[in-house]
Every structure is written in structure tokens, then in C-alpha cells.
>>> print(open('start-v5.txt').read())   # compact mmCIF, C-alpha atoms
# COMPACT_ATOMS: atom_id res chain seq x y z
CA MET A 30 63.00 105.57 89.50
CA SER A 31 65.77 108.02 90.39
CA ALA A 32 65.31 107.62 94.15
CA SER A 33 66.61 104.07 94.37
CA PRO A 34 70.20 104.86 93.24
CA ASN A 35 70.37 107.68 95.80
CA ARG A 36 69.19 105.36 98.54
CA LYS A 37 71.73 102.77 97.45
CA THR A 38 74.46 105.42 97.50
CA LYS A 39 73.44 106.50 101.00
CA LYS A 40 73.47 102.90 102.20
CA LEU A 41 76.90 102.32 100.70
CA SER A 42 78.26 105.51 102.22
CA LEU A 43 76.83 104.57 105.61
CA GLY A 44 78.37 101.11 105.36
CA THR A 45 81.70 102.61 104.37
CA LEU A 46 81.53 105.01 107.29
CA LEU A 47 80.82 102.20 109.73
CA ALA A 48 83.66 100.12 108.29
CA ARG A 49 86.07 103.03 108.66
CA LEU A 50 84.86 103.62 112.20
CA VAL A 51 85.52 99.98 113.08
CA LEU A 52 89.01 100.23 111.58
CA VAL A 53 89.73 103.41 113.54
CA LEU A 54 88.56 101.80 116.78
CA ALA A 55 90.66 98.71 116.08
CA GLY A 56 93.69 100.88 115.37
CA LEU A 57 93.18 102.90 118.55
CA SER A 58 92.80 99.73 120.62
CA ALA A 59 96.25 98.67 119.43
CA LEU A 60 97.88 102.11 119.49
CA VAL A 61 96.63 103.55 122.80
CA PRO A 62 98.37 100.93 125.04
CA VAL A 63 101.64 101.52 123.20
CA LEU A 64 101.35 105.29 123.59
CA TRP A 65 100.43 104.93 127.26
CA THR A 66 103.44 102.68 127.83
CA PHE A 67 105.62 105.23 126.06
CA LEU A 68 104.34 108.04 128.30
CA ASN A 69 104.78 105.96 131.46
CA SER A 70 108.39 105.28 130.53
CA PHE A 71 109.08 109.00 131.12
CA LYS A 72 107.19 109.23 134.41
CA ASN A 73 108.32 108.87 137.98
CA ARG A 74 106.71 106.07 139.96
CA VAL A 75 104.55 108.56 141.88
CA ASP A 76 102.98 109.79 138.64
CA ILE A 77 102.36 106.24 137.37
CA VAL A 78 100.60 104.88 140.47
CA SER A 79 98.50 108.01 140.86
CA ALA A 80 94.77 107.30 141.26
CA VAL A 81 94.00 109.87 138.56
CA PRO A 82 95.90 109.27 135.30
CA LYS A 83 98.33 112.10 134.64
CA PHE A 84 98.69 113.34 131.09
CA PHE A 85 100.75 116.37 132.10
CA PHE A 86 103.87 115.62 134.11
CA THR A 87 107.54 116.44 134.36
CA PRO A 88 109.34 113.92 132.13
CA THR A 89 112.43 112.10 133.31
CA LEU A 90 115.05 109.97 131.58
CA GLU A 91 116.06 108.11 134.73
CA ASN A 92 114.17 104.97 133.68
CA TYR A 93 116.02 104.72 130.36
CA VAL A 94 119.34 105.59 131.96
CA TYR A 95 118.87 102.85 134.54
CA VAL A 96 117.95 100.23 131.94
CA LEU A 97 120.72 101.13 129.48
CA SER A 98 123.38 101.37 132.20
CA ARG A 99 122.91 97.76 133.31
CA GLU A 100 125.49 95.33 131.96
CA ALA A 101 122.90 92.54 131.81
CA VAL A 102 120.78 94.59 129.38
CA ALA A 103 123.73 95.17 127.04
CA GLN A 104 124.61 91.46 127.13
CA GLY A 105 120.98 90.48 126.56
CA LEU A 106 120.70 92.87 123.63
CA LEU A 107 123.88 91.46 122.09
CA ASN A 108 122.60 87.89 122.53
CA SER A 109 119.22 88.75 121.03
CA VAL A 110 120.71 90.47 117.99
CA ALA A 111 123.19 87.66 117.33
CA VAL A 112 120.80 84.77 117.93
CA VAL A 113 117.72 86.20 116.25
CA GLY A 114 119.69 87.61 113.31
CA ALA A 115 121.38 84.28 112.63
CA ALA A 116 118.13 82.34 113.03
CA VAL A 117 116.20 84.63 110.67
CA ILE A 118 118.93 84.50 108.01
CA ALA A 119 119.12 80.71 108.26
CA GLY A 120 115.34 80.41 108.18
CA ALA A 121 115.12 82.60 105.07
CA VAL A 122 117.98 80.85 103.26
CA LEU A 123 116.49 77.42 103.91
CA GLY A 124 112.80 78.29 103.98
CA LEU A 125 112.37 80.35 100.81
CA PRO A 126 113.74 77.70 98.39
CA ALA A 127 111.75 75.02 100.23
CA ALA A 128 108.56 77.08 99.96
CA TYR A 129 109.16 77.70 96.26
CA ALA A 130 109.75 74.00 95.62
CA LEU A 131 106.53 73.07 97.42
CA ALA A 132 104.59 75.76 95.56
CA ARG A 133 105.89 75.03 92.07
CA TYR A 134 106.88 71.35 92.21
CA PRO A 135 104.25 69.67 94.41
CA LEU A 136 105.22 66.20 95.51
CA ARG A 137 103.05 63.36 96.64
CA TRP A 138 103.65 64.33 100.25
CA ALA A 139 103.55 68.10 99.71
CA ASN A 140 100.39 68.55 101.79
CA ASP A 141 101.82 66.36 104.55
CA ILE A 142 105.03 68.39 104.56
CA GLN A 143 103.08 71.64 104.81
CA PHE A 144 100.99 70.28 107.66
CA PHE A 145 104.10 69.04 109.49
CA VAL A 146 105.76 72.44 109.11
CA LEU A 147 102.64 74.20 110.35
CA SER A 148 102.20 71.75 113.22
CA MET A 149 105.42 73.08 114.75
CA ARG A 150 103.50 76.28 115.45
CA PHE A 151 100.58 74.31 116.94
CA LEU A 152 102.69 72.84 119.72
CA PRO A 153 102.95 74.78 122.97
CA PRO A 154 106.44 76.15 123.67
CA VAL A 155 106.89 73.77 126.63
CA ALA A 156 106.41 70.75 124.36
CA VAL A 157 109.26 72.03 122.19
CA ALA A 158 111.54 73.34 124.92
CA ILE A 159 111.69 70.27 127.19
CA PRO A 160 113.00 67.77 124.58
CA LEU A 161 115.40 70.37 123.21
CA MET A 162 116.67 71.12 126.70
CA VAL A 163 117.49 67.44 127.18
CA ILE A 164 119.23 67.32 123.79
CA TRP A 165 121.34 70.41 124.44
CA LEU A 166 122.29 69.18 127.91
CA GLN A 167 123.52 65.88 126.47
CA LEU A 168 125.47 67.71 123.76
CA GLU A 169 126.89 70.12 126.36
CA LEU A 170 125.46 73.05 124.44
CA TYR A 171 122.93 74.17 127.02
CA ASP A 172 122.93 77.93 127.68
CA THR A 173 124.83 78.71 124.46
CA ARG A 174 124.00 80.87 121.49
CA ILE A 175 124.40 77.89 119.16
CA ALA A 176 121.58 76.06 120.89
CA LEU A 177 119.30 79.09 120.66
CA VAL A 178 120.20 79.71 117.01
CA VAL A 179 119.30 76.14 116.02
CA THR A 180 116.10 76.21 118.09
CA TYR A 181 114.99 79.58 116.73
CA THR A 182 115.85 78.47 113.18
CA LEU A 183 113.27 75.71 113.52
CA LEU A 184 110.67 78.31 114.48
CA THR A 185 111.55 80.81 111.75
CA LEU A 186 111.82 78.02 109.17
CA SER A 187 108.28 76.85 109.81
CA THR A 188 106.94 80.41 109.75
CA VAL A 189 108.76 81.39 106.55
CA ILE A 190 107.70 78.23 104.68
CA TRP A 191 104.11 78.55 105.84
CA LEU A 192 103.78 82.19 104.74
CA ALA A 193 105.97 82.01 101.61
CA ILE A 194 104.12 79.17 99.86
CA PRO A 195 101.03 81.31 99.09
CA ALA A 196 103.31 84.15 97.96
CA PHE A 197 105.07 81.93 95.43
CA LYS A 198 101.79 80.40 94.27
CA ALA A 199 100.57 83.92 93.48
CA VAL A 200 103.46 84.43 91.02
CA PRO A 201 102.02 84.03 87.49
CA LYS A 202 103.30 80.88 85.82
CA GLU A 203 103.31 82.70 82.49
CA VAL A 204 106.10 84.97 83.74
CA GLU A 205 108.23 81.98 84.72
CA GLU A 206 107.54 80.33 81.37
CA ALA A 207 108.70 83.52 79.65
CA GLY A 208 111.89 83.28 81.66
CA ARG A 209 112.44 79.73 80.48
CA VAL A 210 111.98 80.90 76.89
CA ASP A 211 114.69 83.51 77.52
CA GLY A 212 117.03 80.73 78.60
CA TYR A 213 116.69 80.97 82.38
CA GLY A 214 117.32 77.81 84.37
CA PRO A 215 115.45 76.81 87.54
CA TYR A 216 117.81 78.75 89.81
CA ALA A 217 117.71 81.88 87.64
CA ILE A 218 113.91 81.76 87.56
CA PHE A 219 113.85 81.52 91.35
CA PHE A 220 116.28 84.37 91.97
CA LYS A 221 115.47 86.70 89.05
CA VAL A 222 111.74 86.09 88.55
CA ALA A 223 109.96 84.54 91.53
CA LEU A 224 111.79 86.37 94.33
CA PRO A 225 111.38 89.92 92.91
CA ILE A 226 107.69 89.41 92.15
CA ALA A 227 106.88 87.92 95.56
CA ALA A 228 109.25 90.28 97.39
CA ARG A 229 106.68 92.23 99.40
CA SER A 230 104.94 89.14 100.73
CA LEU A 231 108.27 87.48 101.47
CA ILE A 232 109.47 90.54 103.39
CA GLY A 233 106.34 90.23 105.52
CA ALA A 234 107.03 86.54 106.14
CA ILE A 235 110.63 87.18 107.19
CA ALA A 236 109.64 90.15 109.34
CA PHE A 237 106.91 88.11 111.02
CA GLY A 238 109.41 85.35 111.80
CA PHE A 239 111.82 87.94 113.20
CA VAL A 240 109.19 89.42 115.50
CA LEU A 241 108.12 85.96 116.74
CA VAL A 242 111.60 84.88 117.79
CA TRP A 243 112.63 88.33 119.04
CA ASN A 244 109.73 88.36 121.49
CA GLU A 245 110.00 84.65 122.34
CA PHE A 246 110.25 84.16 126.09
CA LEU A 247 109.46 80.68 127.39
CA ILE A 248 111.86 78.69 125.21
CA ALA A 249 114.70 81.13 125.93
CA LEU A 250 113.88 80.93 129.64
CA MET A 251 114.17 77.13 129.62
CA LEU A 252 117.27 76.93 127.41
CA THR A 253 119.37 79.61 129.12
CA THR A 254 120.55 80.43 132.61
CA SER A 255 123.16 83.19 132.36
CA ASP A 256 125.48 83.31 129.35
CA ALA A 257 122.93 83.24 126.50
CA LYS A 258 120.01 85.09 128.10
CA THR A 259 118.11 87.17 125.56
CA LEU A 260 116.64 90.62 126.07
CA PRO A 261 113.09 89.45 126.98
CA ILE A 262 114.54 87.36 129.81
CA VAL A 263 116.61 90.27 131.08
CA ALA A 264 113.61 92.58 130.85
CA SER A 265 111.49 90.20 132.92
CA GLU A 266 114.16 90.16 135.63
CA LEU A 267 113.81 93.92 136.06
CA SER A 268 110.52 93.27 137.88
CA GLN A 269 112.48 91.53 140.65
CA LEU A 270 114.47 94.60 141.63
CA GLY A 271 112.61 95.20 144.84
CA ARG A 272 109.44 94.92 146.81
CA ASP A 273 107.70 97.70 144.90
CA VAL A 274 107.32 97.07 141.18
CA PRO A 275 109.41 99.65 139.24
CA TRP A 276 106.73 100.51 136.70
CA GLY A 277 108.76 103.25 135.03
CA ILE A 278 111.71 100.92 134.48
CA LEU A 279 109.43 98.18 133.16
CA ASN A 280 107.77 100.54 130.70
CA ALA A 281 111.15 101.80 129.51
CA SER A 282 112.37 98.23 129.00
CA VAL A 283 109.23 97.42 126.99
CA ILE A 284 109.82 100.39 124.69
CA LEU A 285 113.48 99.47 124.20
CA LEU A 286 112.49 95.85 123.56
CA SER A 287 110.03 96.96 120.86
CA LEU A 288 112.38 99.26 118.97
CA PRO A 289 114.66 96.69 117.26
CA PRO A 290 111.83 94.81 115.48
CA LEU A 291 110.37 98.08 114.20
CA LEU A 292 113.75 99.33 112.99
CA MET A 293 114.60 95.96 111.45
CA VAL A 294 111.35 95.77 109.50
CA GLY A 295 111.73 99.33 108.23
CA VAL A 296 115.36 98.95 107.17
CA LEU A 297 114.81 95.51 105.61
CA SER A 298 111.76 96.55 103.60
CA GLY A 299 113.39 99.77 102.39
CA PHE A 300 116.60 97.99 101.37
CA LEU A 301 114.88 95.18 99.48
CA ASN A 302 112.42 97.49 97.76
CA ALA A 303 115.26 99.71 96.58
CA ALA A 304 117.29 96.71 95.39
CA PHE A 305 114.44 95.20 93.40
CA LYS A 306 113.55 98.61 91.96
CA ARG A 307 117.11 99.01 90.68
CA LYS A 308 116.94 95.58 89.06
CA ARG A 309 113.64 96.37 87.35
CA ASP A 310 114.98 99.71 86.10
CA ALA A 311 118.14 98.03 84.81
CA ALA A 312 116.10 95.40 82.99
>>> encode(input="start-v5.txt", output="C-alpha cells")
Amino acid sequence: MSASPNRKTKKLSLGTLLARLVLVLAGLSALVPVLWTFLNSFKNRVDIVSAVPKFFFTPTLENYVYVLSREAVAQGLLNSVAVVGAAVIAGAVLGLPAAYALARYPLRWANDIQFFVLSMRFLPPVAVAIPLMVIWLQLELYDTRIALVVTYTLLTLSTVIWLAIPAFKAVPKEVEEAGRVDGYGPYAIFFKVALPIAARSLIGAIAFGFVLVWNEFLIALMLTTSDAKTLPIVASELSQLGRDVPWGILNASVILLSLPPLLMVGVLSGFLNAAFKRKRDAA
């Protein structure tokens, strides 16, 4: 009689061990390429193209110095920060209230609206970029930050609405009803009740939208030529520096391209968590 619980415990522990092993392998599969890219960004080309991978080498900063010293990189970074920042802010300002309205006040066409918003992510980038390119050419806004901001706002808006609707649906209705009893109106309930409760999920939605548009390549390639080129476009042009591919420079550009999203997510999450914590403590 006492042997069966022990066997069950052993089976559970074995299953837990296998699950953790799978998670570790999945994490390593995502982390190892990033670490290898980081190491290659400090290598000379001879060390990178070596037949035997080199884990011990003399590091160099020439790759980063070359990338950061180029005027095109600075201009691309400025364009990316301005365009992506404006698009994410606009997407959050417009998308969060829209998601809350669809979650709490479902209309007859609510499902159709959600499907239409989500369908914007189904379309291939070319299907979106070609009509927009024609529109911006006719409006004489081609290769401008304004055109990219509006285009990226459409992308972030669809992403924010799609991910924020489940977050707002998870907010207990009883809490909102308690707010109404305390005299809160619809806007106060949205800002003081729904937003703080769903904050963590909403931060993830905004951060996900930021990462999508920051790394977006094809649409920016088709809507820009020189003045409004973003950092991914500039980074891709570094592969055309010569006959031999400058692997060290490419790896350094990849690392620099990845830093802003990571810093943005960390700063944004820390700031919002601290702000909401102060509000809860004050209440």
C-alpha cells in the first residue's frame, strides 16, 4: 500500500526533471547564438573564419569603433529612436482604450473588429508596403519620418489591441463595480482600476510591439531611400563594404541593434512597476 505513493513521487520527480531539462535546452538554444555573436563582435576576422572555433582570443574594439564612427549609423539610430518611439506611444495611446472598450463593452461587430486588427499581422510585409509606398509617393511624404511613424503605428496598434484585450478581460469585474460604487466614472475606472491591474500584461504588449517595429526591415527598406533609413537598414548595408564579408563588423552591429530594445523594456517595466506601486501604497 505504501509503495504506490513512492512510485508516484518518483514518476513526478522524473517528469519534473525532464521538463526542466527541456526548458534548459530551449533556453540554451536561444542564448548560445547570442553569446557567440557577442564573442565574435570582439574578434578579428582571422579568428572568426578559423576552421576551429576559437574561445580564447585577443579581444579588439575595432569593430565597435568602426560601426559607431560611421555617420550613417548615428543617423539610422536617431531615425529608429524617433520613429519607433513615436509609433509605440501612438499605438499605446490609441490601442489601450480601444482594447478596453472591446473587452468590456462588446459590440455587435466586436469579433469582426478583432479579426480585422489581427489580420493586419497575417499579411506579408510586401502586401502592406507596396500600397503604402504608392500613397506616400502621391502625398510627397515618401522617405520621411512621418510616413514611417504612421505606418509603424498601424503595426503597433494591431499588436497592442490584440494582446491587450485578454489582459483587460482578466481584470475582475467586481473590482470595477466597486470603483463605480466609490463614484468612479468610466474614465477613472480605466485609468485608476483597469490599467494598474493589467499593467504587467500591458507592458508586455507594448514591449512586444516595440521589438516588432524596431527590428522591422522590409517595410522600412521599401519606404525609405536615404533620409529616413532606420538602423536595421543601415546595419544591412554594412555587409556591402567589400568583397570579403566583415563578420566582426556585422556581429558588432547586431549587438548594438539588440541593445535598445533590451534597455527600453527594462526601463519601461521598472518605471511603470514603481509608479503603480506608489499608487497602491498611497491608496
>>> closest_residue(input="start-v5.txt", among="A:Asn69, A:Ser58, A:Asn92, A:Thr185", to="A:Val112", atoms="all atoms listed in the file")
A:Thr185
>>> residues_near_point(input="start-v5.txt", point="(108.0, 113.5, 127.7)", cutoff="7 Å", atoms="all atoms listed in the file", output="VMD selection string")
chain A and resid 68 71 88
>>> closest_residue(input="start-v5.txt", among="A:Arg150, A:Thr254, A:Phe85, A:Leu279", to="A:Arg174", atoms="only C-alpha atoms")
A:Thr254
>>> atom_distance(input="start-v5.txt", atom1="atom CA of A:Ile284", atom2="atom CA of A:Ala103")
15.0 Å
>>> residues_near_point(input="start-v5.txt", point="(104.9, 72.2, 113.1)", cutoff="10 Å", atoms="all atoms listed in the file", output="PyMOL selection string")
chain A and resi 142-152+183-184+186-188+191
>>> residues_around(input="start-v5.txt", residues="A:Ala281", least_positions_apart="4", cutoff="10 Å", atoms="all atoms listed in the file", output="ChimeraX atom specification")
/A:66-72,90-97,264,276-277,285-287
>>> write_last_selection(input="start-v5.txt", atoms="C-alpha atoms", output="CSV table (one decimal), in the coordinates of the input")
chain,number,residue,atom,x,y,z
A,66,THR,CA,103.4,102.7,127.8
A,67,PHE,CA,105.6,105.2,126.1
A,68,LEU,CA,104.3,108.0,128.3
A,69,ASN,CA,104.8,106.0,131.5
A,70,SER,CA,108.4,105.3,130.5
A,71,PHE,CA,109.1,109.0,131.1
A,72,LYS,CA,107.2,109.2,134.4
A,90,LEU,CA,115.0,110.0,131.6
A,91,GLU,CA,116.1,108.1,134.7
A,92,ASN,CA,114.2,105.0,133.7
A,93,TYR,CA,116.0,104.7,130.4
A,94,VAL,CA,119.3,105.6,132.0
A,95,TYR,CA,118.9,102.8,134.5
A,96,VAL,CA,118.0,100.2,131.9
A,97,LEU,CA,120.7,101.1,129.5
A,264,ALA,CA,113.6,92.6,130.8
A,276,TRP,CA,106.7,100.5,136.7
A,277,GLY,CA,108.8,103.2,135.0
A,285,LEU,CA,113.5,99.5,124.2
A,286,LEU,CA,112.5,95.8,123.6
A,287,SER,CA,110.0,97.0,120.9
>>> atom_distance(input="start-v5.txt", atom1="atom CA of A:Val178", atom2="atom CA of A:Pro154")
15.7 Å
>>> closest_residue(input="start-v5.txt", among="A:Ile77, A:Val53, A:Ala101, A:Leu224", to="A:Lys258", atoms="only C-alpha atoms")
A:Ala101
>>> closest_residue(input="start-v5.txt", among="A:Ala236, A:Leu252, A:Val157, A:Ala130", to="A:Pro215", atoms="all atoms listed in the file")
A:Ala130
>>> closest_residue(input="start-v5.txt", among="A:Val222, A:Leu57, A:Val189, A:Val283", to="A:Leu260", atoms="all atoms listed in the file")
A:Val283
>>> residues_around(input="start-v5.txt", residues="A:Pro201", least_positions_apart="6", cutoff="12 Å", atoms="all atoms listed in the file", output="VMD selection string")
chain A and resid 132 to 133 195 207 to 208 222 to 223 226 to 227
>>> residues_around(input="start-v5.txt", residues="A:Leu131", least_positions_apart="2", cutoff="10 Å", atoms="only C-alpha atoms", output="VMD selection string")
chain A and resid 125 to 129 133 to 136 138 to 140 142 to 143 190 193 to 194 197 to 198
>>> closest_residue(input="start-v5.txt", among="A:Ile248, A:Met293, A:Leu192, A:Leu50", to="A:Ile159", atoms="all atoms listed in the file")
A:Ile248
